[in-house]
$ cat final_30.tsv   # TSV, C-alpha atoms and all ligand atoms
chain	number	residue	atom	x	y	z
A	1	MET	CA	107.86	240.27	-25.01
A	2	ASP	CA	105.40	241.73	-22.55
A	3	ALA	CA	103.64	239.31	-20.24
A	4	TRP	CA	100.36	240.44	-18.66
A	5	PRO	CA	99.47	242.72	-15.73
A	6	THR	CA	100.15	241.43	-12.26
A	7	CYS	CA	97.67	241.54	-9.40
A	8	ASP	CA	98.35	242.44	-5.78
A	9	VAL	CA	98.97	239.57	-3.40
A	10	PRO	CA	97.87	240.41	0.16
A	11	GLN	CA	100.43	239.84	2.92
A	12	LEU	CA	99.20	237.29	5.43
A	13	PRO	CA	100.07	237.20	9.14
A	14	GLY	CA	102.79	234.75	10.17
A	15	SER	CA	104.68	232.75	7.58
A	16	GLY	CA	103.86	229.98	5.12
A	17	ARG	CA	105.45	226.55	5.06
A	18	PRO	CA	108.14	224.98	2.88
A	19	LEU	CA	106.55	223.49	-0.22
A	20	ARG	CA	106.83	219.82	-1.08
A	21	LEU	CA	106.17	218.78	-4.68
A	22	PHE	CA	106.22	215.49	-6.55
A	23	ASP	CA	109.33	215.24	-8.74
A	24	THR	CA	108.90	213.10	-11.84
A	25	ALA	CA	112.65	212.35	-12.07
A	26	GLN	CA	112.90	210.92	-8.55
A	27	GLN	CA	109.29	209.69	-8.49
A	28	ALA	CA	108.99	211.09	-4.97
A	29	LEU	CA	107.83	214.08	-2.99
A	30	MET	CA	110.65	216.50	-2.31
A	31	GLU	CA	111.18	219.78	-0.50
A	32	THR	CA	111.53	222.68	-2.92
A	33	GLY	CA	114.28	224.33	-0.86
A	34	SER	CA	114.58	227.79	0.66
A	35	GLY	CA	115.90	231.19	-0.36
A	36	PRO	CA	115.27	232.79	-3.75
A	37	ALA	CA	113.19	230.44	-5.91
A	38	ARG	CA	113.60	229.90	-9.64
A	39	MET	CA	110.94	228.36	-11.87
A	40	TYR	CA	110.51	227.70	-15.59
A	41	VAL	CA	107.14	226.66	-17.01
A	42	CYS	CA	106.76	225.78	-20.68
A	43	GLY	CA	104.51	228.24	-22.44
A	44	ILE	CA	101.97	227.90	-25.20
A	45	THR	CA	102.35	227.45	-28.91
A	46	PRO	CA	100.00	230.26	-29.85
A	47	TYR	CA	97.07	228.65	-31.63
A	48	ASP	CA	93.89	227.32	-29.97
A	49	ALA	CA	94.84	228.94	-26.65
A	50	THR	CA	93.75	228.86	-23.87
A	51	HIS	CA	91.87	225.60	-23.31
A	52	LEU	CA	91.11	224.37	-19.82
A	53	GLY	CA	94.06	221.95	-19.89
A	54	HIS	CA	96.43	224.89	-20.36
A	55	ALA	CA	94.60	226.89	-17.71
A	56	ALA	CA	94.85	224.07	-15.15
A	57	THR	CA	98.61	223.83	-15.75
A	58	TYR	CA	99.31	227.55	-15.32
A	59	LEU	CA	97.02	227.65	-12.26
A	60	ALA	CA	99.02	224.87	-10.60
A	61	PHE	CA	102.30	226.73	-11.05
A	62	ASP	CA	100.60	229.95	-9.99
A	63	LEU	CA	99.93	228.24	-6.67
A	64	VAL	CA	103.57	227.17	-6.48
A	65	GLN	CA	104.57	230.82	-6.79
A	66	ARG	CA	101.96	231.92	-4.21
A	67	VAL	CA	103.02	229.30	-1.64
A	68	TRP	CA	106.70	230.23	-2.10
A	69	ARG	CA	105.95	233.94	-1.66
A	70	ASP	CA	103.89	233.25	1.45
A	71	ALA	CA	106.91	231.40	2.87
A	72	GLY	CA	108.98	234.54	2.33
A	73	ARG	CA	110.79	233.43	-0.83
A	74	THR	CA	111.39	235.74	-3.76
A	75	VAL	CA	110.51	234.08	-7.06
A	76	HIS	CA	112.13	234.37	-10.49
A	77	TYR	CA	109.63	232.90	-12.92
A	78	VAL	CA	110.37	232.42	-16.62
A	79	GLN	CA	107.94	231.27	-19.32
A	80	ASN	CA	108.41	230.99	-23.07
A	81	VAL	CA	106.11	231.28	-26.06
A	82	THR	CA	106.81	228.93	-28.94
A	83	ASP	CA	105.90	231.56	-31.48
A	84	VAL	CA	107.43	229.72	-34.43
A	85	ASP	CA	107.03	225.94	-34.77
A	86	ASP	CA	105.40	223.35	-37.02
A	87	PRO	CA	101.92	223.24	-35.39
A	88	LEU	CA	101.55	227.02	-35.60
A	89	LEU	CA	102.73	227.10	-39.21
A	90	GLU	CA	100.46	224.19	-40.14
A	91	ARG	CA	97.44	225.93	-38.63
A	92	ALA	CA	98.29	229.18	-40.42
A	93	ALA	CA	98.71	227.33	-43.73
A	94	HIS	CA	95.41	225.51	-43.18
A	95	THR	CA	93.40	228.68	-42.58
A	96	GLY	CA	95.37	230.89	-44.97
A	97	GLU	CA	96.27	233.33	-42.21
A	98	ASN	CA	99.68	234.92	-41.81
A	99	TRP	CA	101.48	232.91	-39.10
A	100	MET	CA	102.68	236.03	-37.29
A	101	SER	CA	99.19	237.53	-37.09
A	102	LEU	CA	97.84	234.21	-35.82
A	103	ALA	CA	100.54	234.05	-33.14
A	104	GLU	CA	100.06	237.67	-32.11
A	105	ARG	CA	96.31	237.28	-31.76
A	106	GLU	CA	96.54	234.03	-29.80
A	107	ILE	CA	99.24	235.38	-27.48
A	108	GLN	CA	97.02	238.37	-26.67
A	109	LEU	CA	94.08	236.05	-26.02
A	110	PHE	CA	96.29	234.02	-23.67
A	111	ARG	CA	97.37	237.17	-21.83
A	112	ASP	CA	93.73	238.21	-21.41
A	113	ASP	CA	92.79	234.73	-20.15
A	114	MET	CA	95.67	234.66	-17.65
A	115	THR	CA	94.72	238.14	-16.43
A	116	ALA	CA	91.07	237.15	-15.99
A	117	LEU	CA	92.08	233.99	-14.09
A	118	ARG	CA	94.41	236.08	-11.88
A	119	VAL	CA	97.50	234.07	-12.75
A	120	LEU	CA	100.62	235.96	-11.63
A	121	PRO	CA	102.74	236.77	-14.70
A	122	PRO	CA	106.28	235.48	-15.31
A	123	ASP	CA	109.13	237.92	-14.74
A	124	ASP	CA	110.56	236.99	-18.14
A	125	TYR	CA	108.16	236.16	-20.95
A	126	ILE	CA	110.28	235.15	-23.92
A	127	GLY	CA	109.30	234.25	-27.46
A	128	ALA	CA	111.28	231.76	-29.54
A	129	VAL	CA	111.55	234.40	-32.26
A	130	GLU	CA	113.24	236.94	-30.01
A	131	ALA	CA	115.52	234.21	-28.61
A	132	VAL	CA	116.86	233.05	-32.02
A	133	PRO	CA	120.34	234.65	-31.50
A	134	GLU	CA	120.94	232.99	-28.13
A	135	ILE	CA	119.59	229.65	-29.37
A	136	THR	CA	121.84	229.64	-32.44
A	137	GLU	CA	124.82	230.51	-30.24
A	138	ALA	CA	124.09	227.48	-28.05
A	139	ILE	CA	123.63	225.16	-31.05
A	140	GLY	CA	126.98	226.40	-32.36
A	141	ARG	CA	128.62	225.38	-29.11
A	142	LEU	CA	126.99	221.93	-29.23
A	143	LEU	CA	128.38	221.50	-32.77
A	144	ASP	CA	131.85	222.59	-31.62
A	145	ASP	CA	131.71	220.10	-28.75
A	146	GLY	CA	130.69	217.23	-31.00
A	147	ALA	CA	127.31	216.90	-29.27
A	148	ALA	CA	125.45	217.97	-32.40
A	149	TYR	CA	125.78	217.01	-36.06
A	150	HIS	CA	124.39	217.81	-39.48
A	151	VAL	CA	121.93	215.72	-41.44
A	152	HIS	CA	122.12	217.61	-44.72
A	153	ASP	CA	121.54	221.19	-43.57
A	154	ASP	CA	119.49	220.29	-40.50
A	155	ILE	CA	121.23	219.94	-37.14
A	156	TYR	CA	120.50	217.17	-34.63
A	157	PHE	CA	121.52	216.62	-31.01
A	158	SER	CA	123.29	213.38	-30.17
A	159	VAL	CA	121.64	211.79	-27.14
A	160	ALA	CA	124.78	209.63	-26.80
A	161	SER	CA	126.62	212.79	-25.71
A	162	ALA	CA	124.30	213.24	-22.69
A	163	PRO	CA	125.19	210.91	-19.80
A	164	GLY	CA	122.01	211.90	-17.92
A	165	PHE	CA	119.64	211.17	-20.81
A	166	GLY	CA	116.63	209.22	-19.49
A	167	ARG	CA	116.97	210.43	-15.92
A	168	GLU	CA	114.05	212.84	-16.09
A	169	SER	CA	111.34	210.56	-17.50
A	170	ASN	CA	112.72	207.18	-16.35
A	171	TYR	CA	111.12	205.69	-19.47
A	172	ASP	CA	112.57	202.62	-21.17
A	173	ARG	CA	113.78	202.91	-24.73
A	174	ASP	CA	110.64	201.40	-26.31
A	175	THR	CA	108.42	203.89	-24.48
A	176	MET	CA	110.72	206.74	-25.52
A	177	LEU	CA	110.57	205.67	-29.17
A	178	ARG	CA	106.78	205.43	-29.08
A	179	LEU	CA	106.29	208.83	-27.41
A	180	PHE	CA	108.92	210.49	-29.61
A	181	ALA	CA	106.95	209.40	-32.69
A	182	GLU	CA	103.61	210.46	-31.17
A	183	ARG	CA	104.75	213.87	-29.96
A	184	GLY	CA	106.45	215.59	-32.85
A	185	GLY	CA	109.72	213.63	-33.03
A	186	ASP	CA	111.13	211.99	-36.15
A	187	PRO	CA	112.54	208.58	-35.14
A	188	GLY	CA	112.35	207.38	-38.74
A	189	GLN	CA	114.45	210.19	-40.19
A	190	THR	CA	117.40	208.72	-42.09
A	191	GLY	CA	120.96	209.85	-41.43
A	192	LYS	CA	120.59	210.22	-37.66
A	193	LYS	CA	123.01	208.55	-35.26
A	194	ASP	CA	120.17	207.48	-32.95
A	195	PRO	CA	116.44	207.47	-33.76
A	196	LEU	CA	115.87	209.44	-30.52
A	197	ASP	CA	118.19	212.30	-31.53
A	198	PRO	CA	116.04	215.46	-31.67
A	199	LEU	CA	116.13	218.31	-34.15
A	200	LEU	CA	118.02	221.40	-32.94
A	201	TRP	CA	117.87	223.43	-36.13
A	202	ARG	CA	115.61	223.09	-39.16
A	203	ALA	CA	117.21	224.40	-42.31
A	204	HIS	CA	115.07	226.67	-44.47
A	205	ARG	CA	112.42	225.00	-46.63
A	206	HIS	CA	110.52	226.82	-49.32
A	207	GLY	CA	107.58	228.72	-47.90
A	208	GLU	CA	108.72	228.49	-44.28
A	209	PRO	CA	109.96	231.39	-42.15
A	210	PHE	CA	113.71	231.52	-41.58
A	211	TRP	CA	116.42	233.58	-39.94
A	212	ASP	CA	119.85	234.31	-41.39
A	213	THR	CA	122.26	233.10	-38.73
A	214	PRO	CA	125.82	231.80	-38.37
A	215	LEU	CA	124.25	228.31	-38.66
A	216	GLY	CA	122.76	229.23	-42.03
A	217	ARG	CA	119.13	229.94	-42.86
A	218	GLY	CA	116.55	228.18	-40.76
A	219	ARG	CA	114.69	228.11	-37.45
A	220	PRO	CA	115.22	226.49	-34.04
A	221	GLY	CA	113.71	223.29	-32.70
A	222	TRP	CA	111.43	223.29	-29.69
A	223	HIS	CA	113.50	221.54	-26.99
A	224	ILE	CA	116.60	223.69	-27.46
A	225	GLU	CA	114.37	226.77	-27.34
A	226	CYS	CA	113.19	226.07	-23.77
A	227	SER	CA	116.60	224.80	-22.71
A	228	VAL	CA	118.41	227.99	-23.70
A	229	ILE	CA	115.71	230.44	-22.57
A	230	ALA	CA	115.68	228.82	-19.12
A	231	LEU	CA	119.46	228.39	-18.84
A	232	ASN	CA	120.28	231.97	-19.81
A	233	ARG	CA	117.89	233.43	-17.24
A	234	LEU	CA	117.82	230.97	-14.36
A	235	GLY	CA	121.11	229.09	-14.64
A	236	MET	CA	121.47	225.41	-13.80
A	237	GLY	CA	119.84	223.68	-10.84
A	238	PHE	CA	116.75	225.87	-10.70
A	239	ASP	CA	113.93	224.75	-8.43
A	240	VAL	CA	111.09	223.68	-10.72
A	241	GLN	CA	110.69	222.85	-14.40
A	242	GLY	CA	106.96	222.66	-15.01
A	243	GLY	CA	104.46	221.65	-17.63
A	244	GLY	CA	101.73	219.21	-18.54
A	245	SER	CA	102.40	215.47	-18.22
A	246	ASP	CA	102.58	215.23	-22.02
A	247	LEU	CA	105.89	217.16	-21.78
A	248	ILE	CA	107.63	214.51	-19.62
A	249	PHE	CA	108.99	212.97	-22.80
A	250	PRO	CA	110.45	214.00	-25.15
A	251	HIS	CA	110.32	217.71	-24.36
A	252	HIS	CA	111.63	217.92	-20.80
A	253	GLU	CA	114.06	215.03	-21.24
A	254	HIS	CA	115.68	216.63	-24.27
A	255	SER	CA	115.65	220.17	-22.80
A	256	ALA	CA	117.47	218.87	-19.72
A	257	ALA	CA	119.96	216.88	-21.83
A	258	HIS	CA	120.80	219.93	-23.97
A	259	ALA	CA	121.45	222.13	-20.94
A	260	GLU	CA	123.45	219.49	-19.11
A	261	VAL	CA	125.73	218.97	-22.12
A	262	LEU	CA	126.06	222.74	-22.72
A	263	THR	CA	127.20	223.38	-19.14
A	264	GLY	CA	128.80	220.07	-18.11
A	265	GLN	CA	126.63	220.33	-14.98
A	266	ALA	CA	123.54	218.56	-13.66
A	267	PRO	CA	120.73	218.72	-12.91
A	268	PHE	CA	119.03	221.22	-15.18
A	269	ALA	CA	116.13	221.48	-12.71
A	270	ARG	CA	115.95	220.15	-9.17
A	271	ALA	CA	112.33	219.06	-9.63
A	272	TYR	CA	110.33	218.22	-12.74
A	273	VAL	CA	106.70	218.85	-11.90
A	274	HIS	CA	103.89	217.75	-14.19
A	275	THR	CA	100.18	218.43	-14.27
A	276	GLY	CA	97.47	215.96	-15.30
A	277	MET	CA	95.34	216.25	-18.39
A	278	ILE	CA	91.81	217.67	-18.40
A	279	GLY	CA	89.31	215.44	-20.15
A	280	LEU	CA	85.88	216.09	-21.58
A	281	ASP	CA	83.24	213.37	-21.83
A	282	GLY	CA	85.80	210.63	-21.24
A	283	GLU	CA	88.37	211.89	-23.72
A	284	LYS	CA	91.54	213.92	-23.27
A	285	MET	CA	90.96	217.56	-24.22
A	286	SER	CA	93.16	218.12	-27.24
A	287	LYS	CA	93.43	220.06	-30.43
A	288	SER	CA	93.39	216.93	-32.56
A	289	ARG	CA	90.12	215.70	-31.04
A	290	GLY	CA	88.50	219.11	-31.48
A	291	ASN	CA	86.94	219.01	-28.02
A	292	LEU	CA	88.62	222.04	-26.50
A	293	VAL	CA	86.82	224.17	-23.94
A	294	LEU	CA	88.38	227.62	-24.25
A	295	VAL	CA	88.67	230.05	-21.34
A	296	SER	CA	87.89	232.91	-23.72
A	297	LYS	CA	84.59	231.24	-24.70
A	298	LEU	CA	83.61	230.90	-21.05
A	299	ARG	CA	84.52	234.55	-20.49
A	300	ALA	CA	82.44	235.57	-23.49
A	301	ALA	CA	79.52	233.65	-21.98
A	302	ARG	CA	79.85	235.88	-18.89
A	303	ILE	CA	81.05	233.03	-16.66
A	304	ASP	CA	82.86	234.46	-13.63
A	305	PRO	CA	86.58	233.63	-14.17
A	306	MET	CA	86.87	233.06	-10.43
A	307	ALA	CA	84.38	230.21	-10.75
A	308	VAL	CA	86.47	228.72	-13.57
A	309	ARG	CA	89.57	229.05	-11.39
A	310	LEU	CA	87.87	227.47	-8.39
A	311	ALA	CA	86.43	224.65	-10.51
A	312	LEU	CA	89.88	223.77	-11.89
A	313	LEU	CA	91.49	223.93	-8.45
A	314	ASP	CA	88.94	221.53	-6.93
A	315	GLY	CA	90.95	218.47	-7.90
A	316	HIS	CA	94.59	217.50	-7.56
A	317	TYR	CA	96.90	219.07	-10.12
A	318	ARG	CA	98.63	215.76	-10.89
A	319	ALA	CA	95.44	213.82	-11.51
A	320	ASP	CA	93.87	213.49	-14.93
A	321	ARG	CA	90.48	215.09	-14.43
A	322	GLU	CA	87.16	215.32	-16.20
A	323	TRP	CA	85.54	218.65	-16.98
A	324	THR	CA	81.93	217.66	-16.42
A	325	GLY	CA	78.85	219.81	-16.63
A	326	GLY	CA	78.45	219.93	-12.86
A	327	ARG	CA	81.83	221.44	-12.06
A	328	LEU	CA	81.05	225.02	-12.96
A	329	PRO	CA	77.69	225.31	-11.15
A	330	ALA	CA	79.28	223.74	-8.05
A	331	ALA	CA	82.12	226.27	-8.15
A	332	GLU	CA	79.66	229.14	-8.65
A	333	ALA	CA	77.63	228.02	-5.64
A	334	ARG	CA	80.81	227.72	-3.55
A	335	LEU	CA	81.91	231.20	-4.64
A	336	ASP	CA	78.54	232.62	-3.57
A	337	ARG	CA	78.87	231.03	-0.11
A	338	TRP	CA	82.42	232.27	0.36
A	339	ARG	CA	81.46	235.79	-0.79
A	340	ALA	CA	78.49	235.86	1.59
A	341	ALA	CA	80.73	234.76	4.47
A	342	VAL	CA	83.45	237.39	3.88
A	343	ALA	CA	80.75	240.09	3.57
A	344	LEU	CA	79.70	239.52	7.20
A	345	ASP	CA	80.64	242.08	9.87
A	346	SER	CA	82.17	239.40	12.04
A	347	ALA	CA	82.75	235.67	11.89
A	348	PRO	CA	84.56	232.83	13.67
A	349	ASP	CA	88.34	233.22	13.97
A	350	ALA	CA	89.86	232.65	10.51
A	351	ARG	CA	93.44	232.00	11.69
A	352	PRO	CA	93.01	228.22	12.06
A	353	MET	CA	91.60	228.14	8.51
A	354	LEU	CA	94.63	230.10	7.23
A	355	GLU	CA	96.99	227.60	8.85
A	356	THR	CA	95.10	224.64	7.41
A	357	VAL	CA	95.15	226.15	3.92
A	358	ARG	CA	98.91	226.73	4.28
A	359	GLU	CA	99.46	223.20	5.53
A	360	ARG	CA	97.37	221.59	2.77
A	361	LEU	CA	98.94	223.58	-0.10
A	362	ALA	CA	102.48	222.95	1.19
A	363	ASP	CA	101.73	219.23	0.88
A	364	ASP	CA	102.06	218.89	-2.92
A	365	LEU	CA	99.34	221.49	-3.53
A	366	ASP	CA	96.41	219.69	-1.93
A	367	THR	CA	93.91	222.21	-3.24
A	368	HIS	CA	90.97	219.95	-2.45
A	369	GLY	CA	91.96	219.99	1.24
A	370	ALA	CA	92.57	223.74	1.19
A	371	ILE	CA	89.15	224.39	-0.36
A	372	ALA	CA	87.51	222.12	2.22
A	373	ALA	CA	89.06	224.24	5.00
A	374	VAL	CA	87.59	227.42	3.51
A	375	ASP	CA	84.23	225.66	3.07
A	376	GLU	CA	84.22	224.69	6.72
A	377	TRP	CA	85.01	228.23	7.88
A	378	ALA	CA	82.39	229.73	5.55
A	379	GLU	CA	79.68	227.31	6.74
A	380	ALA	CA	80.48	228.16	10.36
A	381	ALA	CA	80.52	231.89	9.58
A	382	LEU	CA	77.13	231.77	7.84
A	383	ALA	CA	75.64	229.73	10.71
A	384	SER	CA	77.04	231.79	13.61
A	385	ASP	CA	76.34	235.20	15.08
A	386	GLY	CA	79.98	236.18	14.55
A	387	LEU	CA	82.73	236.59	17.08
A	388	ASP	CA	85.73	238.17	15.42
A	389	PRO	CA	85.37	241.39	13.39
A	390	GLU	CA	88.79	240.79	11.77
A	391	ALA	CA	87.90	237.31	10.52
A	392	PRO	CA	86.06	238.15	7.27
A	393	THR	CA	88.97	240.30	6.06
A	394	LEU	CA	91.55	237.66	6.98
A	395	ALA	CA	89.50	234.98	5.21
A	396	ARG	CA	89.23	237.15	2.09
A	397	SER	CA	93.00	237.78	2.12
A	398	THR	CA	93.77	234.10	2.64
A	399	VAL	CA	91.67	233.01	-0.32
A	400	ASP	CA	93.11	235.82	-2.45
A	401	ALA	CA	96.80	235.32	-1.56
A	402	LEU	CA	96.96	231.52	-1.49
A	403	LEU	CA	94.24	230.34	-3.87
A	404	GLY	CA	94.28	233.44	-6.10
A	405	VAL	CA	90.49	233.74	-5.90
A	406	ALA	CA	89.15	237.29	-5.51
A	407	LEU	CA	86.00	237.31	-3.37
B	1	ZN	ZN	109.31	223.93	-22.97
$ encode --input "final_30.tsv" --output "structure tokens"
Amino acid sequence: MDAWPTCDVPQLPGSGRPLRLFDTAQQALMETGSGPARMYVCGITPYDATHLGHAATYLAFDLVQRVWRDAGRTVHYVQNVTDVDDPLLERAAHTGENWMSLAEREIQLFRDDMTALRVLPPDDYIGAVEAVPEITEAIGRLLDDGAAYHVHDDIYFSVASAPGFGRESNYDRDTMLRLFAERGGDPGQTGKKDPLDPLLWRAHRHGEPFWDTPLGRGRPGWHIECSVIALNRLGMGFDVQGGGSDLIFPHHEHSAAHAEVLTGQAPFARAYVHTGMIGLDGEKMSKSRGNLVLVSKLRAARIDPMAVRLALLDGHYRADREWTGGRLPAAEARLDRWRAAVALDSAPDARPMLETVRERLADDLDTHGAIAAVDEWAEAALASDGLDPEAPTLARSTVDALLGVAL
């Protein structure tokens, strides 16, 4: 399906640095390599999009792409849309809306939010619905290889067939069982070989959407969806698999296990990178708690999306963060200062600031440090008589290209 419009990224003088990111599997910072970069970030299930937790996640991986590009790497970025799954169908059933209309509307809202926040679009934006043929083909191969089995007409993946299972999350079995139950799994389902075996294919139930496939009538599970969409476009050993920290298990563990069994190769991704949760008033922002702050609501209230972007970037992507009332006004004030500084005819040399921003972002996306460097330059610019007529333009381009903030 179509993603959203891209925005120009200014070319900066010199070259950016190699990016180091924290890999959940190795529990360590690692270099993200050189040459053409490949990234997969798990997309939305299109209902209740786009809350600030989503936005913070896609902003973090937007910076990954920007830092890679600045270092001269080309980027192949793939994102999915889980446009058929239980939560979407449950919401549609609850409100009486057609599930496809709900998905279509929410996907468009997400596109508009990403465009407003100046998030660079993926090269491949793939819905589960359009990927059904390739997913069923992969499930067929897992069945042929004995890595999948039927429970009545449903099909499950056997975690015993995946030698690398557990390597991504590093969780012990009790933690896996707890999280599997909390996050959409069915450890209590009878007839499975292992309680942790995930659903690959849900056979048709009355009232649910289905596809007629060589596997029979039904629809795909979530983990195999991402596994196959990523594998068929990026191949094995791509640079970054990204998502919120609530995807560490079971989603990313199972996706990796499926791909590793399908190909007989490992790893699925070289780094598994996870973003923290955004909280509101001391609680995690989530659909079930009903405390979502939606980007579209902020846009409707005429809040500058660049202030929303800056507010979310002023904190480390891996940290769980609070969205407090003071964040937005602080970001708006900062935006005003930066805009006043780049509107000057001349200002102090901006090249040291560019290098500091590059250095800070290359170090596991230290956005707080990068923003502090721009603050320092802007304060000096607003306090000085100006020295360098090129500096305001370079500062504007730096903030645009590397932080994605249009001044
Ligand atoms: Zn995914």
$ closest_atom_pairs --input "final_30.tsv" --of "chain A" --to "ligand ZN 1 (chain B)" --cutoff "12 Å" --atoms "only C-alpha atoms and all ligand atoms" --output "CSV"
residue,atom,partner,partner_atom,distance
A:Tyr40,CA,B:ZN1,ZN,8.4
A:Val41,CA,B:ZN1,ZN,6.9
A:Cys42,CA,B:ZN1,ZN,3.9
A:Gly43,CA,B:ZN1,ZN,6.5
A:Ile44,CA,B:ZN1,ZN,8.6
A:Thr45,CA,B:ZN1,ZN,9.8
A:Val78,CA,B:ZN1,ZN,10.7
A:Gln79,CA,B:ZN1,ZN,8.3
A:Asn80,CA,B:ZN1,ZN,7.1
A:Val81,CA,B:ZN1,ZN,8.6
A:Thr82,CA,B:ZN1,ZN,8.2
A:Asp83,CA,B:ZN1,ZN,11.9
A:Ile126,CA,B:ZN1,ZN,11.3
A:Gly127,CA,B:ZN1,ZN,11.3
A:Ala128,CA,B:ZN1,ZN,10.4
A:Gly221,CA,B:ZN1,ZN,10.7
A:Trp222,CA,B:ZN1,ZN,7.1
A:His223,CA,B:ZN1,ZN,6.3
A:Ile224,CA,B:ZN1,ZN,8.6
A:Glu225,CA,B:ZN1,ZN,7.3
A:Cys226,CA,B:ZN1,ZN,4.5
A:Ser227,CA,B:ZN1,ZN,7.3
A:Val228,CA,B:ZN1,ZN,10.0
A:Ile229,CA,B:ZN1,ZN,9.1
A:Ala230,CA,B:ZN1,ZN,8.9
A:Leu231,CA,B:ZN1,ZN,11.8
A:Gln241,CA,B:ZN1,ZN,8.7
A:Gly242,CA,B:ZN1,ZN,8.4
A:Gly243,CA,B:ZN1,ZN,7.6
A:Gly244,CA,B:ZN1,ZN,10.0
A:Ser245,CA,B:ZN1,ZN,11.9
A:Asp246,CA,B:ZN1,ZN,11.0
A:Leu247,CA,B:ZN1,ZN,7.7
A:Ile248,CA,B:ZN1,ZN,10.1
A:Phe249,CA,B:ZN1,ZN,11.0
A:Pro250,CA,B:ZN1,ZN,10.2
A:His251,CA,B:ZN1,ZN,6.5
A:His252,CA,B:ZN1,ZN,6.8
A:Glu253,CA,B:ZN1,ZN,10.2
A:His254,CA,B:ZN1,ZN,9.8
A:Ser255,CA,B:ZN1,ZN,7.4
A:Ala256,CA,B:ZN1,ZN,10.1
A:Tyr272,CA,B:ZN1,ZN,11.8
$ closest_residue --input "final_30.tsv" --among "A:Leu89, A:Leu361, A:Leu394, A:Ala269" --to "A:Pro348" --atoms "all atoms listed in the file"
A:Leu394
$ closest_residue --input "final_30.tsv" --among "A:Arg167, A:Lys192, A:Arg358, A:Arg351" --to "A:Ala391" --atoms "only C-alpha atoms"
A:Arg351
$ atom_distance --input "final_30.tsv" --atom1 "atom CA of A:Pro133" --atom2 "atom CA of A:Thr213"
7.6 Å
$ closest_residue --input "final_30.tsv" --among "A:Met100, A:Phe110, A:Asp366, A:Met353" --to "A:Glu208" --atoms "only C-alpha atoms"
A:Met100
$ atom_distance --input "final_30.tsv" --atom1 "atom CA of A:Leu215" --atom2 "atom CA of A:Thr136"
6.8 Å
$ residues_near_point --input "final_30.tsv" --point "(119.9, 225.7, -0.7)" --cutoff "12 Å" --atoms "all atoms listed in the file" --output "ChimeraX atom specification"
/A:31-38,73,237-239,270
$ residues_around --input "final_30.tsv" --residues "A:Gln65" --least-positions-apart "2" --cutoff "10 Å" --atoms "all atoms listed in the file" --output "compact mmCIF listing (two decimals) with C-alpha atoms, in the coordinates of the input"
# COMPACT_ATOMS: atom_id res chain seq x y z
CA ALA A 37 113.19 230.44 -5.91
CA ARG A 38 113.60 229.90 -9.64
CA MET A 39 110.94 228.36 -11.87
CA LEU A 59 97.02 227.65 -12.26
CA ALA A 60 99.02 224.87 -10.60
CA PHE A 61 102.30 226.73 -11.05
CA ASP A 62 100.60 229.95 -9.99
CA LEU A 63 99.93 228.24 -6.67
CA VAL A 67 103.02 229.30 -1.64
CA TRP A 68 106.70 230.23 -2.10
CA ARG A 69 105.95 233.94 -1.66
CA ASP A 70 103.89 233.25 1.45
CA ALA A 71 106.91 231.40 2.87
CA ARG A 73 110.79 233.43 -0.83
CA THR A 74 111.39 235.74 -3.76
CA VAL A 75 110.51 234.08 -7.06
CA HIS A 76 112.13 234.37 -10.49
CA TYR A 77 109.63 232.90 -12.92
CA VAL A 119 97.50 234.07 -12.75
CA LEU A 120 100.62 235.96 -11.63
CA PRO A 122 106.28 235.48 -15.31
CA LEU A 402 96.96 231.52 -1.49
$ axis_aligned_box --input "final_30.tsv" --around "stretch 248-267 of chain A" --padding-each-side "3 Å" --output "JSON"
{"center_x": 118.2, "center_y": 218.2, "center_z": -19.0, "size_x": 27.2, "size_y": 16.4, "size_z": 18.2}
$ residues_near_point --input "final_30.tsv" --point "(84.6, 224.6, -19.8)" --cutoff "9 Å" --atoms "all atoms listed in the file" --output "list in words"
His51, Leu52, Leu280, Leu292, Val293, Leu294, Val295, Lys297, Leu298, Val308, Trp323, Thr324, Gly325, Arg327 and Leu328 of chain A
$ atom_distance --input "final_30.tsv" --atom1 "atom CA of A:Pro352" --atom2 "atom CA of A:Glu332"
24.7 Å
$ closest_residue --input "final_30.tsv" --among "A:Pro220, A:Gly146, A:Pro214, A:Gly290" --to "A:Pro198" --atoms "all atoms listed in the file"
A:Pro220
$ residues_around --input "final_30.tsv" --residues "A:Thr190" --least-positions-apart "5" --cutoff "12 Å" --atoms "all atoms listed in the file" --output "PDB file with C-alpha atoms, in the coordinates of the input"
ATOM      1  CA  HIS A 150     124.390 217.810 -39.480  1.00  0.00           C
ATOM      2  CA  VAL A 151     121.930 215.720 -41.440  1.00  0.00           C
ATOM      3  CA  HIS A 152     122.120 217.610 -44.720  1.00  0.00           C
ATOM      4  CA  ASP A 154     119.490 220.290 -40.500  1.00  0.00           C
ATOM      5  CA  TYR A 156     120.500 217.170 -34.630  1.00  0.00           C
ATOM      6  CA  PRO A 195     116.440 207.470 -33.760  1.00  0.00           C
ATOM      7  CA  LEU A 196     115.870 209.440 -30.520  1.00  0.00           C
ATOM      8  CA  ASP A 197     118.190 212.300 -31.530  1.00  0.00           C
TER       9      ASP A 197
END
$ closest_residue --input "final_30.tsv" --among "A:Leu312, A:Met285, A:Leu200, A:Leu21" --to "A:Ala138" --atoms "only C-alpha atoms"
A:Leu200
$ closest_residue --input "final_30.tsv" --among "A:Glu376, A:Tyr47, A:His274, A:Asp144" --to "A:Glu97" --atoms "only C-alpha atoms"
A:Tyr47
$ residues_around --input "final_30.tsv" --residues "A:Asp349" --least-positions-apart "4" --cutoff "10 Å" --atoms "all atoms listed in the file" --output "VMD selection string"
chain A and resid 353 to 354 377 381 386 to 392 394 to 395
